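This report concerns only the one structure given below.
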Amino acid sequence: MWGTASICTTSSKPPGTGNDTAATWLERRAAGLAMTRRGFLLAAAAGSGLRAAFPDISCIGANTAISGYGLFDAIALLRDLGFQTIEIHPMGVPEAAPGIFPGFQFDRLDNGMKRRIREALRPFPHVTAHLPYAELHYFSRNQPIAEFSARQVEIALEGAAYFGAHLAVVHPMEPSGYRPEEGWKVMVDRFHRWGDLAARHRIRLAMETGYPRSVGAFVKLVRDVDHQWVGATVDVGHQAHYEELVARIRPEQRATPEGIRAYNDTTIAIIEQLGGKTFHLHVHDIDPATWKEHQPFGTGFVDYPRLIATLRKAGYTGALMIEIGAPAAEMRRHLADAKARLEEYLKK
Ligand SMILES: [Zn+2]
C-alpha cells in the first residue's frame with residue numbers, strides 16, 4: 001500500500017489510517033512501554049487532530065553515530081545543539097571508543113542502564129533508530145548465520161520500541177548462496193515479516209537505499225514487500241554505484257556539472273517513484289571528486305533546494321536526519337552548521 005508518511009506529526013501510525021488515538025498510547029503504556037513526555041505530547045496532538053506540515057524544523061535530527069563519543073555524551077551534544085529529533089543505534093556499547101559509534105545491545109542492558117538511557121532521551125520529542133547491519137548477514141543461505149543475524153535485528157527493534165522510537169532504519173543486503181530469484185524472495189519475505197513485527201511495536205520500518213543497486217530494483221523491493229508499515233530511508237549519498245548513474249557517468253566525469261547533475265537526478269528519481277513510501281531521509285554532503293558520502297554540509301554537491309522541493313511535492317512529512325562522519329573534535333561544529341543550513345533551506 002502506498003500512502004503518506006509522517007513521523008513528525010502523530011507518528012506511530014501506518015499511512016492513511018487516520019490519527020493515532022490516546023487509547024493507542026494507553027495500550028502502549030499497558031504493554032510496558034515508556035510513556036514519555038513525547039507520548040503525552042503526541043497523544044494530545046492526535047486527540048486534537050493537529051498535523052504539522054513539512055517543513056517543520058523539529059524534523060531536523062542527528063544520530064548518535066559520533067565516533068569517539070560515549071552514548072550519553074553524544075545524546076547530550078545533540079540536546080545542547082537544540083535537536084528535537086534523534087536517531088539511536090541499538091548496537092555496540094555505550095562506552096566511548098576511538099573510531100567506533102556508541103550504542104547499546106538491548107538484551108545486555110540492565111534496568112539501571114535502561115532507565116538512564118530513557119531519561120537521557122526524554123528531551124527529544126522524536127526518536128528513531130538505526131538497526132544493526134555490520135557483520136550481520138540475514139539473507140545468507142547458511143541458516144545459523146541468517147537466524148543469528150535476524151535475531152540481532154529483532155532485539156534491536158525491541159530496544160527501539162522500548163526507547164520510544166517510531167521509525168527504524170534497516171539495511172537491505174545482498175542475499176548469498178541463493179539463485180537470484182530465490183534470494184529476492186527470501187529478502188522480500190523477511191522484510192514483510194519484519195514489517196508485521198514492527199507494526200506490533202508501532203514502529204515504521206524504513207529500508208535504506210544502497211542495495212539493490214538501481215533505482216528500479218530498489219523501488220521494486222519496496223513495492224514487492226508491499227507492507228503498510230514498511231517504506232524507505234533515502235540516504236542522499238548511497239547511490240554512487242546505482243546502475244542508472246554508472247551508465248551515465250564515467251569515474252573521471254564525477255566532479256563535472258554532468259556528473260553532479262546525474263547524481264542528484266538519481267536520488268530525486270527514487271523519491272519521485274516512491275511517492276508516499278519515502279518514510280525517512282539521511283542527509284549530509286558528497287565529495288565531488290570521489291563521491292565519498294557523509295561529508296560535512298557545504299563541502300559537496302547535494303542539491304538541497306531541489307531535494308526539499310521534491311519532498312514537498314511528494315507530501316513528505318518525515319525527518320531530515322544528519323549523518324556526518326568526521327573527527328570527534330569537529331562534530332559539534334559540523335552538526336551545528338548542518339542544522340543551521342537545513343533550517344535556512346526549509347524557510348525558503
Ligand atoms: Zn544513511
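In the C-alpha cells, chains take the letters A, B, ... in the order shown, each chain's residues start at 1, and ligands count up from 1 in the order shown.
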Test item: residues no farther than 9 Å from ligand 1, counting only C-alpha atoms and all ligand atoms, as JSON, numbers by chain: {"A": [130, 169, 208, 209, 210, 233, 234, 235, 236, 237, 238, 281, 282, 283, 294, 321, 322, 323]}
Mind listing the alpha helix (DSSP H) residues of region 210-261 of chain A, per DSSP on the backbone, as an mmCIF file with N, CA and C atoms, in the first residue's frame?
```cif
data_model
loop_
_atom_site.group_PDB
_atom_site.id
_atom_site.type_symbol
_atom_site.label_atom_id
_atom_site.label_comp_id
_atom_site.auth_asym_id
_atom_site.auth_seq_id
_atom_site.Cartn_x
_atom_site.Cartn_y
_atom_site.Cartn_z
ATOM 1 N N VAL A 215 17.803 2.268 -9.137
ATOM 2 C CA VAL A 215 16.546 2.923 -8.738
ATOM 3 C C VAL A 215 15.401 1.937 -8.943
ATOM 4 N N GLY A 216 15.390 1.314 -10.132
ATOM 5 C CA GLY A 216 14.289 0.411 -10.476
ATOM 6 C C GLY A 216 14.171 -0.741 -9.489
ATOM 7 N N ALA A 217 15.309 -1.372 -9.157
ATOM 8 C CA ALA A 217 15.258 -2.544 -8.274
ATOM 9 C C ALA A 217 14.925 -2.137 -6.844
ATOM 10 N N PHE A 218 15.436 -0.992 -6.412
ATOM 11 C CA PHE A 218 15.128 -0.563 -5.040
ATOM 12 C C PHE A 218 13.627 -0.280 -4.891
ATOM 13 N N VAL A 219 13.087 0.447 -5.857
ATOM 14 C CA VAL A 219 11.649 0.773 -5.793
ATOM 15 C C VAL A 219 10.825 -0.523 -5.895
ATOM 16 N N LYS A 220 11.305 -1.459 -6.719
ATOM 17 C CA LYS A 220 10.604 -2.752 -6.840
ATOM 18 C C LYS A 220 10.612 -3.490 -5.496
ATOM 19 N N LEU A 221 11.727 -3.407 -4.778
ATOM 20 C CA LEU A 221 11.794 -4.060 -3.464
ATOM 21 C C LEU A 221 10.705 -3.511 -2.533
ATOM 22 N N VAL A 222 10.604 -2.186 -2.487
ATOM 23 C CA VAL A 222 9.593 -1.577 -1.609
ATOM 24 C C VAL A 222 8.190 -2.030 -2.034
ATOM 25 N N ARG A 223 7.953 -2.045 -3.345
ATOM 26 C CA ARG A 223 6.636 -2.469 -3.853
ATOM 27 C C ARG A 223 6.373 -3.940 -3.564
ATOM 28 N N ASP A 224 7.412 -4.786 -3.777
ATOM 29 C CA ASP A 224 7.216 -6.230 -3.573
ATOM 30 C C ASP A 224 6.988 -6.557 -2.096
ATOM 31 N N VAL A 225 7.653 -5.851 -1.204
ATOM 32 C CA VAL A 225 7.436 -6.094 0.233
ATOM 33 C C VAL A 225 5.988 -5.744 0.570
ATOM 34 N N GLU A 243 23.027 1.470 -11.036
ATOM 35 C CA GLU A 243 23.155 1.179 -12.478
ATOM 36 C C GLU A 243 22.853 2.385 -13.353
ATOM 37 N N GLU A 244 21.763 3.081 -13.040
ATOM 38 C CA GLU A 244 21.340 4.210 -13.886
ATOM 39 C C GLU A 244 22.407 5.307 -13.907
ATOM 40 N N LEU A 245 23.069 5.489 -12.779
ATOM 41 C CA LEU A 245 24.072 6.547 -12.657
ATOM 42 C C LEU A 245 25.384 6.125 -13.311
ATOM 43 N N VAL A 246 25.810 4.895 -13.040
ATOM 44 C CA VAL A 246 27.054 4.381 -13.608
ATOM 45 C C VAL A 246 26.960 4.353 -15.144
ATOM 46 N N ALA A 247 25.749 4.097 -15.663
ATOM 47 C CA ALA A 247 25.556 4.067 -17.117
ATOM 48 C C ALA A 247 25.725 5.464 -17.729
ATOM 49 N N ARG A 248 25.468 6.503 -16.953
ATOM 50 C CA ARG A 248 25.542 7.871 -17.488
ATOM 51 C C ARG A 248 26.912 8.514 -17.304
ATOM 52 N N PRO A 257 29.840 19.158 -14.049
ATOM 53 C CA PRO A 257 28.428 19.516 -13.863
ATOM 54 C C PRO A 257 27.488 18.380 -14.270
ATOM 55 N N GLU A 258 27.851 17.616 -15.323
ATOM 56 C CA GLU A 258 27.001 16.494 -15.756
ATOM 57 C C GLU A 258 26.964 15.402 -14.692
ATOM 58 N N GLY A 259 28.156 15.128 -14.105
ATOM 59 C CA GLY A 259 28.247 14.084 -13.085
ATOM 60 C C GLY A 259 27.409 14.456 -11.864
ATOM 61 N N ILE A 260 27.520 15.703 -11.467
ATOM 62 C CA ILE A 260 26.800 16.186 -10.287
ATOM 63 C C ILE A 260 25.294 16.185 -10.539
ATOM 64 N N ARG A 261 24.932 16.632 -11.721
ATOM 65 C CA ARG A 261 23.514 16.657 -12.102
ATOM 66 C C ARG A 261 22.937 15.226 -12.089
#
```
Separating CA of Pro132 (chain A) from CA of His171 (chain A), to the nearest tenth of an Å, is a gap of 8.1 Å
Nearest to Ala326 (chain A), restricted to only C-alpha atoms and choosing among A:Gln239, A:Asn264, A:Gln295, A:Thr310, comes out as A:Gln295
Would you list the contacts of Met331 (chain A) as a PyMOL selection string, taking every protein, DNA or RNA residue within 10 Å and counting only C-alpha atoms, but skipping same-chain residues closer than 5 positions in sequence?
-> chain A and resi 66-67+69+74+77+296+324-326+336-337
Write the residues you've just listed into a file as an mmCIF file, in the first residue's frame, and include C-alpha atoms for each of them.
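See part_10.cif below for the written result:
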```cif
data_model
loop_
_atom_site.group_PDB
_atom_site.id
_atom_site.type_symbol
_atom_site.label_atom_id
_atom_site.label_comp_id
_atom_site.auth_asym_id
_atom_site.auth_seq_id
_atom_site.Cartn_x
_atom_site.Cartn_y
_atom_site.Cartn_z
ATOM 1 C CA ILE A 66 29.713 10.156 16.718
ATOM 2 C CA SER A 67 32.857 8.096 16.843
ATOM 3 C CA TYR A 69 31.940 9.838 21.988
ATOM 4 C CA ALA A 74 26.570 12.008 22.128
ATOM 5 C CA LEU A 77 25.681 17.072 22.499
ATOM 6 C CA PRO A 296 30.020 17.993 6.253
ATOM 7 C CA ILE A 324 28.140 13.213 9.129
ATOM 8 C CA GLY A 325 31.378 11.321 9.655
ATOM 9 C CA ALA A 326 34.222 13.486 10.992
ATOM 10 C CA ALA A 336 25.546 22.999 14.408
ATOM 11 C CA ASP A 337 26.413 24.159 10.901
#
```
Can you measure CA of Ala199 (chain A) to CA of Pro90 (chain A) for me? One decimal in Å is fine.
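These atoms are spaced 18.2 Å apart.
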> To one decimal place, how far is CA of Leu335 (chain A) from CA of Tyr133 (chain A) in Å?
Replying inline: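 Taking CA of Leu335 (chain A) and CA of Tyr133 (chain A), their separation equals 24.3 Å.
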message: Which residues are near region 287-292 of chain A? Cut-off 7 Å, only C-alpha atoms, ignore same chain within fewer than 2 positions. Put them as a VMD selection string.
response: chain A and resid 240 254 to 255 285 295 299 to 301
